[in-house]
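Enquirer: One file is attached below, final12.txt, containing compact mmCIF, C-alpha atoms.
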# COMPACT_ATOMS: atom_id res chain seq x y z
CA MET A 20 0.00 0.00 0.00
CA VAL A 21 1.36 3.42 -1.00
CA ARG A 22 1.24 5.84 1.92
CA LYS A 23 -0.11 9.28 1.07
CA ARG A 24 2.18 12.21 1.85
CA MET A 25 0.94 14.07 4.93
CA ASP A 26 -0.49 17.54 4.36
CA ILE A 27 1.01 20.27 6.56
CA GLY A 28 0.35 23.97 7.14
CA VAL A 29 2.05 26.92 8.84
CA VAL A 30 0.56 29.64 11.06
CA SER A 31 0.55 32.95 9.21
CA ARG A 32 2.25 34.75 12.13
CA SER A 33 5.41 32.81 11.32
CA PHE A 34 6.01 35.43 8.62
CA PRO A 35 5.43 38.86 10.22
CA GLN A 36 7.79 40.49 7.73
CA LEU A 37 5.62 39.52 4.74
CA THR A 38 2.36 40.79 3.29
CA ASN A 39 -0.54 38.38 3.03
CA GLU A 40 0.15 38.01 -0.69
CA GLU A 41 3.79 37.19 -0.02
CA ALA A 42 2.98 34.75 2.80
CA ALA A 43 0.34 32.94 0.73
CA GLY A 44 2.67 32.72 -2.25
CA LEU A 45 5.52 31.39 -0.12
CA LEU A 46 3.33 28.68 1.40
CA ALA A 47 1.97 27.64 -1.97
CA ALA A 48 5.39 27.59 -3.64
CA ASN A 49 6.63 25.17 -0.98
CA GLY A 50 3.70 22.77 -1.07
CA PHE A 51 1.86 23.69 2.12
CA ARG A 52 -1.90 23.23 2.36
CA TRP A 53 -3.23 25.10 5.39
CA THR A 54 -2.76 28.15 7.53
CA GLU A 55 -4.10 29.41 10.83
CA LEU A 56 -4.75 33.01 9.86
CA CYS A 57 -3.88 35.72 12.34
CA PHE A 58 -4.04 39.31 11.23
CA SER A 59 -0.28 39.55 11.66
CA GLN A 60 1.13 40.48 8.23
CA THR A 61 2.58 43.84 7.21
CA ASP A 62 -0.68 44.81 5.48
CA SER A 63 -2.91 43.60 8.35
CA LYS A 64 -1.12 44.35 11.63
CA TYR A 65 -3.90 43.69 14.14
CA TRP A 66 -3.01 40.52 16.01
CA VAL A 67 -2.22 40.92 19.71
CA TYR A 68 -1.39 37.95 21.92
CA ASN A 69 -3.53 37.65 25.07
CA GLY A 70 -5.11 41.05 24.44
CA ARG A 71 -7.01 43.15 21.91
CA SER A 72 -6.37 45.51 19.06
CA ASP A 73 -8.50 48.04 17.20
CA LEU A 74 -10.14 45.97 14.48
CA SER A 75 -11.84 48.89 12.77
CA GLY A 76 -9.49 48.52 9.81
CA ILE A 77 -10.61 44.93 9.25
CA THR A 78 -13.85 45.67 7.46
CA ASP A 79 -15.87 42.86 5.97
CA GLY A 80 -14.42 43.72 2.57
CA GLU A 81 -10.85 43.80 3.83
CA SER A 82 -11.29 40.43 5.51
CA ARG A 83 -12.53 38.98 2.22
CA ARG A 84 -9.49 40.37 0.42
CA ILE A 85 -7.13 38.77 2.92
CA VAL A 86 -8.82 35.37 3.01
CA GLU A 87 -9.19 35.20 -0.77
CA THR A 88 -5.48 35.95 -1.11
CA TYR A 89 -4.70 32.61 0.54
CA ARG A 90 -7.41 30.72 -1.29
CA ARG A 91 -6.26 32.07 -4.63
CA HIS A 92 -2.92 30.42 -3.93
CA GLY A 93 -4.60 27.15 -2.92
CA ILE A 94 -4.06 27.63 0.82
CA GLU A 95 -6.99 26.64 3.02
CA VAL A 96 -7.68 28.86 6.03
CA ALA A 97 -8.36 26.29 8.72
CA ALA A 98 -8.91 28.76 11.55
CA LEU A 99 -8.91 32.41 12.48
CA GLY A 100 -6.61 33.07 15.43
CA VAL A 101 -7.89 35.30 18.24
CA PHE A 102 -5.89 34.31 21.39
CA THR A 103 -7.34 36.86 23.78
CA ASN A 104 -7.70 36.59 27.56
CA LEU A 105 -10.81 34.69 28.68
CA ILE A 106 -9.99 34.85 32.40
CA GLU A 107 -9.52 38.64 32.48
CA PRO A 108 -10.44 39.62 36.09
CA ASP A 109 -11.76 43.10 35.26
CA ASP A 110 -15.40 42.81 34.21
CA VAL A 111 -15.29 45.75 31.81
CA GLU A 112 -12.16 44.47 30.10
CA LEU A 113 -13.60 40.97 29.87
CA GLU A 114 -16.71 42.33 28.14
CA ARG A 115 -14.45 44.04 25.63
CA ASN A 116 -12.55 40.79 25.09
CA ILE A 117 -15.84 38.96 24.47
CA ALA A 118 -16.91 41.58 21.93
CA TYR A 119 -13.49 41.40 20.26
CA PHE A 120 -13.85 37.64 20.06
CA GLU A 121 -17.32 37.87 18.56
CA ARG A 122 -16.05 40.19 15.84
CA HIS A 123 -13.61 37.46 14.83
CA MET A 124 -16.53 35.02 14.76
CA GLU A 125 -18.40 37.34 12.43
CA LEU A 126 -15.39 37.53 10.12
CA ALA A 127 -14.91 33.77 10.20
CA ALA A 128 -18.56 33.15 9.36
CA LEU A 129 -18.49 35.73 6.59
CA ASN A 130 -15.49 34.05 4.98
CA GLY A 131 -16.40 30.41 5.51
CA ILE A 132 -13.63 29.78 8.04
CA PRO A 133 -14.76 26.87 10.22
CA CYS A 134 -13.38 27.91 13.60
CA VAL A 135 -11.85 30.65 15.71
CA ALA A 136 -9.00 29.78 18.07
CA THR A 137 -7.77 30.93 21.45
CA GLU A 138 -5.84 29.97 24.52
CA CYS A 139 -7.38 30.26 27.99
CA GLY A 140 -5.65 33.56 28.58
CA PHE A 141 -3.59 34.61 31.57
CA VAL A 142 -2.83 37.46 33.92
CA HIS A 143 0.70 38.80 33.53
CA GLY A 144 2.85 38.02 36.53
CA SER A 145 0.61 35.23 37.82
CA ARG A 146 0.22 32.79 34.96
CA GLY A 147 -0.52 29.16 35.68
CA ILE A 148 -2.15 27.24 38.50
CA ILE A 149 -2.14 29.24 41.71
CA ALA A 150 -4.04 27.40 44.42
CA GLU A 151 -5.81 30.46 45.82
CA LEU A 152 -6.98 31.53 42.33
CA TYR A 153 -7.39 28.27 40.44
CA GLU A 154 -11.07 27.64 41.13
CA SER A 155 -12.16 31.22 40.45
CA ARG A 156 -10.11 31.44 37.26
CA PHE A 157 -11.36 28.12 35.97
CA ALA A 158 -14.94 29.22 36.69
CA ARG A 159 -14.25 32.50 34.89
CA LEU A 160 -12.99 30.60 31.86
CA ALA A 161 -15.95 28.21 31.82
CA ASP A 162 -18.38 31.11 32.01
CA SER A 163 -16.61 32.94 29.17
CA LEU A 164 -16.74 29.79 27.06
CA ARG A 165 -20.45 29.25 27.71
CA ARG A 166 -21.11 32.78 26.49
CA LEU A 167 -18.81 32.44 23.50
CA THR A 168 -20.11 29.04 22.41
CA ALA A 169 -23.63 30.45 22.42
CA LEU A 170 -22.37 33.19 20.11
CA ALA A 171 -20.51 30.62 18.03
CA GLU A 172 -23.74 28.67 17.59
CA ARG A 173 -25.45 31.84 16.38
CA HIS A 174 -22.68 32.52 13.86
CA GLY A 175 -22.27 28.90 12.77
CA VAL A 176 -18.60 28.53 13.68
CA ASP A 177 -16.64 26.47 16.20
CA LEU A 178 -14.42 27.71 19.00
CA ALA A 179 -11.11 25.86 19.28
CA LEU A 180 -9.48 26.16 22.72
CA GLU A 181 -5.77 25.43 23.12
CA PRO A 182 -5.07 23.90 26.54
CA CYS A 183 -1.60 24.30 28.01
CA VAL A 184 0.42 23.11 30.99
CA LEU A 185 1.04 26.78 31.83
CA ASP A 186 -2.66 27.62 32.12
CA VAL A 187 -5.78 26.62 34.06
CA VAL A 188 -6.51 23.78 31.63
CA PRO A 189 -3.17 21.97 31.89
CA SER A 190 -3.92 18.43 30.68
CA ALA A 191 -5.94 16.41 28.18
CA LYS A 192 -8.16 15.06 30.96
CA ARG A 193 -8.90 18.56 32.26
CA MET A 194 -9.76 19.73 28.74
CA ALA A 195 -12.20 16.83 28.37
CA ASP A 196 -13.73 17.79 31.72
CA LEU A 197 -14.13 21.38 30.56
CA ILE A 198 -15.84 20.36 27.33
CA ALA A 199 -18.33 18.29 29.32
CA GLN A 200 -18.98 21.12 31.76
CA VAL A 201 -19.50 23.76 29.08
CA GLY A 202 -21.83 21.38 27.27
CA SER A 203 -21.67 22.87 23.78
CA ARG A 204 -20.96 21.05 20.53
CA ARG A 205 -19.24 24.25 19.39
CA LEU A 206 -16.35 23.89 21.86
CA LYS A 207 -13.48 22.09 20.13
CA VAL A 208 -9.78 21.59 20.82
CA LEU A 209 -6.75 23.13 19.22
CA LEU A 210 -4.37 20.33 20.17
CA ASP A 211 -0.78 21.44 20.56
CA PRO A 212 1.06 18.37 21.88
CA ALA A 213 3.91 20.53 23.16
CA ASN A 214 1.48 22.27 25.49
CA LEU A 215 0.38 19.01 27.12
CA ILE A 216 3.38 16.66 26.97
CA ALA A 217 4.48 17.44 30.55
CA ASN A 218 1.08 16.34 31.90
CA SER A 219 -0.36 14.02 29.26
CA SER A 220 1.14 11.21 27.19
CA GLU A 221 0.73 11.11 23.43
CA ASP A 222 -1.87 8.36 23.93
CA ASP A 223 -3.79 10.31 26.55
CA MET A 224 -4.11 13.32 24.24
CA PHE A 225 -6.00 11.24 21.71
CA ARG A 226 -7.81 9.05 24.26
CA TYR A 227 -9.46 12.05 25.86
CA LEU A 228 -9.64 14.54 23.01
CA ALA A 229 -9.69 12.84 19.58
CA PRO A 230 -13.44 13.39 18.92
CA HIS A 231 -13.14 17.08 19.72
CA ILE A 232 -10.01 18.13 17.80
CA ALA A 233 -10.50 20.95 15.29
CA TYR A 234 -6.85 21.14 14.26
CA PHE A 235 -3.29 20.73 15.51
CA HIS A 236 -0.33 22.94 16.19
CA GLY A 237 2.89 21.22 15.19
CA LYS A 238 5.30 22.14 17.97
CA ASP A 239 7.62 20.37 20.43
CA ARG A 240 8.76 20.83 24.03
CA LYS A 241 11.15 19.44 26.58
CA VAL A 242 9.04 18.29 29.50
CA ASN A 243 10.82 20.67 31.89
CA ASP A 244 10.70 23.68 29.56
CA ALA A 245 8.39 26.61 30.11
CA TYR A 246 7.97 27.24 26.40
CA GLY A 247 7.92 25.31 23.17
CA ARG A 248 10.46 24.44 20.51
CA ALA A 249 10.35 23.44 16.87
CA VAL A 250 9.25 19.90 16.03
CA GLY A 251 12.12 17.51 16.71
CA ASP A 252 13.81 19.67 19.34
CA GLY A 253 11.79 18.36 22.30
CA ASP A 254 10.59 15.21 24.02
CA ILE A 255 7.49 14.31 22.01
CA ASP A 256 7.56 10.83 20.47
CA TRP A 257 6.57 11.93 16.98
CA SER A 258 6.43 8.42 15.58
CA ARG A 259 3.83 7.49 18.19
CA PHE A 260 2.02 10.80 17.89
CA LEU A 261 1.69 10.50 14.12
CA ASP A 262 0.51 6.89 14.40
CA LEU A 263 -2.28 8.15 16.64
CA TYR A 264 -2.96 11.08 14.32
CA HIS A 265 -3.50 8.76 11.35
CA SER A 266 -5.54 6.29 13.42
CA HIS A 267 -7.89 8.84 15.00
CA THR A 268 -7.77 12.17 13.14
CA GLU A 269 -6.66 11.50 9.58
CA GLY A 270 -6.92 14.65 7.46
CA VAL A 271 -7.38 17.09 10.36
CA PRO A 272 -5.21 20.17 9.69
CA PHE A 273 -1.69 19.90 11.13
CA ILE A 274 -0.20 23.40 11.22
CA LEU A 275 3.37 24.19 12.22
CA GLU A 276 4.08 26.77 14.91
CA TYR A 277 7.38 28.15 16.28
CA VAL A 278 8.91 28.17 12.82
CA ASN A 279 10.12 31.09 10.74
CA ILE A 280 10.92 32.05 7.17
CA ASP A 281 14.36 30.46 7.41
CA ASN A 282 13.42 27.03 8.78
CA PHE A 283 9.75 26.29 8.06
CA CYS A 284 10.51 23.91 5.19
CA ALA A 285 13.22 22.09 7.15
CA ILE A 286 10.86 21.62 10.11
CA ARG A 287 8.15 20.40 7.72
CA ASP A 288 10.62 17.83 6.44
CA ARG A 289 11.24 16.60 10.00
CA VAL A 290 7.53 15.87 10.31
CA LEU A 291 7.46 14.10 6.95
CA GLN A 292 10.48 12.02 7.89
CA ALA A 293 8.93 11.01 11.21
CA ASP A 294 5.73 10.14 9.38
CA LYS A 295 7.61 8.09 6.80
CA SER A 296 9.59 6.14 9.41
CA ARG A 297 6.73 5.26 11.77
Transcribe the structure of this file into structure tokens.

Expert:
Amino acid sequence: MVRKRMDIGVVSRSFPQLTNEEAAGLLAANGFRWTELCFSQTDSKYWVYNGRSDLSGITDGESRRIVETYRRHGIEVAALGVFTNLIEPDDVELERNIAYFERHMELAALNGIPCVATECGFVHGSRGIIAELYESRFARLADSLRRLTALAERHGVDLALEPCVLDVVPSAKRMADLIAQVGSRRLKVLLDPANLIANSSEDDMFRYLAPHIAYFHGKDRKVNDAYGRAVGDGDIDWSRFLDLYHSHTEGVPFILEYVNIDNFCAIRDRVLQADKSR
């Protein structure tokens, strides 16, 4: 049996020095299929990690121009990246974050993008599980997600949450618990194995989350690291992970993160080699 070459994508924010046209052309010229679109290019500088920006320049028409740029080059936009703070403790600021998030939902729905993506969010200087704050922050997140999934249902898009060992949803089991507690079919998972490898095995990630996965980030991590690395530079067993990928989630977008314009093809080739050798 001839094994089909695995399709791979790259997050658009890997190329902040390029326009959308240049980024789309580069991906297409090198055989990539997908992107997670963040408004992070030189002609659409709006993306802010864990916060908000003024989106007034992203009109409906401008969003169509950007998305069609990728599609014209044969690049599928698997998700629209938001990544704002859903545990923001200030009520006024949280309301603004929710509105910011909904605007991304509107743009995703308008352009036929299936999901919008985010992390849990964090408070600078006190990120992670802090015993005195864990329950209240988790409850804050769950409430934000109930509100957002109701909006997602209205707009006909999914919300993909990226759990992480650094945040209040630090394992595959806890993410499965959260999905059950929120109780919406619109809540999906952005599975970044690097974000869970310190708390969850490769098998556990799929055992708990396979039915809920919207797409993957391709990234690695040493189990004692605070932050991620490029695929192949960490402790993930990629042969095992890709076996599970093909067994449970064949064809789900696999999109590289923590790469740049100088190494994205080489890191892609690491994935293809691991897939070939499994």

Enquirer: Have a look at atom CA of Ile27 of chain A and atom CA of Glu269 of chain A and let me know their distance in Å, one decimal.

Expert: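 Straight-line distance from atom CA of Ile27 of chain A to atom CA of Glu269 of chain A works out to 12.0 Å.
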
Enquirer: At what distance in Å, to one decimal, does atom CA of Asp281 of chain A lie from atom CA of Pro35 of chain A?

Expert: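 A separation of 12.6 Å between them.
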
Enquirer: Mind dumping a table of every segment 39-127 of chain A residue within 12 Å of segment 179-198 of chain A, with the nearest atom pair and its distance in Å to one decimal, using only C-alpha atoms, sorted by chain and rising number, as a Markdown table?

Expert:
| residue | atom | partner | partner_atom | distance |
| --- | --- | --- | --- | --- |
| A:Glu55 | CA | A:Ala179 | CA | 11.5 |
| A:Ala97 | CA | A:Ala179 | CA | 10.9 |
| A:Ala98 | CA | A:Ala179 | CA | 8.5 |
| A:Leu99 | CA | A:Ala179 | CA | 9.7 |
| A:Gly100 | CA | A:Ala179 | CA | 9.3 |
| A:Val101 | CA | A:Ala179 | CA | 10.0 |
| A:Phe102 | CA | A:Leu180 | CA | 9.0 |
| A:Thr103 | CA | A:Leu180 | CA | 11.0 |
| A:Asn104 | CA | A:Asp186 | CA | 11.3 |
| A:Leu105 | CA | A:Leu180 | CA | 10.5 |
| A:Ile106 | CA | A:Val187 | CA | 9.4 |
| A:Met124 | CA | A:Ala179 | CA | 11.6 |

Enquirer: If you keep C-alpha atoms, can you produce a file of those selected residues as a compact mmCIF listing (two decimals), in the frame of the given file?

Expert:
# COMPACT_ATOMS: atom_id res chain seq x y z
CA GLU A 55 -4.10 29.41 10.83
CA ALA A 97 -8.36 26.29 8.72
CA ALA A 98 -8.91 28.76 11.55
CA LEU A 99 -8.91 32.41 12.48
CA GLY A 100 -6.61 33.07 15.43
CA VAL A 101 -7.89 35.30 18.24
CA PHE A 102 -5.89 34.31 21.39
CA THR A 103 -7.34 36.86 23.78
CA ASN A 104 -7.70 36.59 27.56
CA LEU A 105 -10.81 34.69 28.68
CA ILE A 106 -9.99 34.85 32.40
CA MET A 124 -16.53 35.02 14.76

Enquirer: Between A:Arg32, A:Lys64, A:His174, A:Arg91, which is the closest to Ile280 of chain A once you count all atoms listed in the file?

Expert: A:Arg32

Enquirer: Figure out the distance between atom CA of Gly28 of chain A and atom CA of Trp53 of chain A, please, to one decimal in Å.

Expert: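 That distance, rounded to one decimal, is 4.1 Å.
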
Enquirer: Have a look at A:Leu209, A:Ala171, A:Ile274, A:Val96 and name the one nearest to Glu121 of chain A; count only C-alpha atoms.

Expert: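 For Glu121 of chain A, the nearest of the given residues is A:Ala171.
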
Enquirer: Quick one: 6 Å padding each side, axis-aligned, all listed atoms of segment 229-240 of chain A - centre and edge lengths in Å to one decimal, as AutoDock Vina command-line options?

Expert:
--center_x -2.3 --center_y 17.9 --center_z 19.1 --size_x 34.2 --size_y 22.1 --size_z 21.8

Enquirer: Counting only C-alpha atoms, which of A:Val201, A:Glu221, A:Ser63, A:Arg287 gets nearest to Ser75 of chain A?

Expert: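 The answer is A:Ser63, which sits nearest to Ser75 of chain A.
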
Enquirer: When distances are computed from only C-alpha atoms, which of A:His143, A:Arg205, A:Arg90, A:His267 shows the smallest separation from Leu167 of chain A?

Expert: A:Arg205

Enquirer: Taking only C-alpha atoms into account, name the residue in A:Leu113, A:Leu56, A:Cys139, A:Ala42 that is nearest to Leu160 of chain A.

Expert: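 Checking each of A:Leu113, A:Leu56, A:Cys139, A:Ala42 against Leu160 of chain A, counting only C-alpha atoms, the winner is A:Cys139.
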
Enquirer: I need the residue nearest Gln36 of chain A from this list: A:Asn69, A:Asn279, A:Ser296, A:Asn243. Use all atoms listed in the file for the distance.

Expert: A:Asn279

Enquirer: Write out as a PyMOL selection string the residues lying within 12 Å of Glu41 of chain A, counting all atoms listed in the file and excluding same-chain residues fewer than 2 positions away.

Expert: chain A and resi 31+34-39+43-48+60-62+85+88-89+92+280

Enquirer: Please save C-alpha atoms of the selected residues as a PDB file, in the coordinates of the input.

Expert:
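To be explicit, this is the file written out as out31.pdb:
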ATOM      1  CA  SER A  31       0.550  32.950   9.210  1.00  0.00           C
ATOM      2  CA  PHE A  34       6.010  35.430   8.620  1.00  0.00           C
ATOM      3  CA  PRO A  35       5.430  38.860  10.220  1.00  0.00           C
ATOM      4  CA  GLN A  36       7.790  40.490   7.730  1.00  0.00           C
ATOM      5  CA  LEU A  37       5.620  39.520   4.740  1.00  0.00           C
ATOM      6  CA  THR A  38       2.360  40.790   3.290  1.00  0.00           C
ATOM      7  CA  ASN A  39      -0.540  38.380   3.030  1.00  0.00           C
ATOM      8  CA  ALA A  43       0.340  32.940   0.730  1.00  0.00           C
ATOM      9  CA  GLY A  44       2.670  32.720  -2.250  1.00  0.00           C
ATOM     10  CA  LEU A  45       5.520  31.390  -0.120  1.00  0.00           C
ATOM     11  CA  LEU A  46       3.330  28.680   1.400  1.00  0.00           C
ATOM     12  CA  ALA A  47       1.970  27.640  -1.970  1.00  0.00           C
ATOM     13  CA  ALA A  48       5.390  27.590  -3.640  1.00  0.00           C
ATOM     14  CA  GLN A  60       1.130  40.480   8.230  1.00  0.00           C
ATOM     15  CA  THR A  61       2.580  43.840   7.210  1.00  0.00           C
ATOM     16  CA  ASP A  62      -0.680  44.810   5.480  1.00  0.00           C
ATOM     17  CA  ILE A  85      -7.130  38.770   2.920  1.00  0.00           C
ATOM     18  CA  THR A  88      -5.480  35.950  -1.110  1.00  0.00           C
ATOM     19  CA  TYR A  89      -4.700  32.610   0.540  1.00  0.00           C
ATOM     20  CA  HIS A  92      -2.920  30.420  -3.930  1.00  0.00           C
ATOM     21  CA  ILE A 280      10.920  32.050   7.170  1.00  0.00           C
TER      22      ILE A 280
END

Enquirer: If you count only C-alpha atoms, which residues fall within 10 Å of Ser220 of chain A, apart from same-chain ones fewer than 3 positions away, as an MDAnalysis selection string?

Expert: chainID A and resid 190:191 212 215:217 223:226 255:256 260
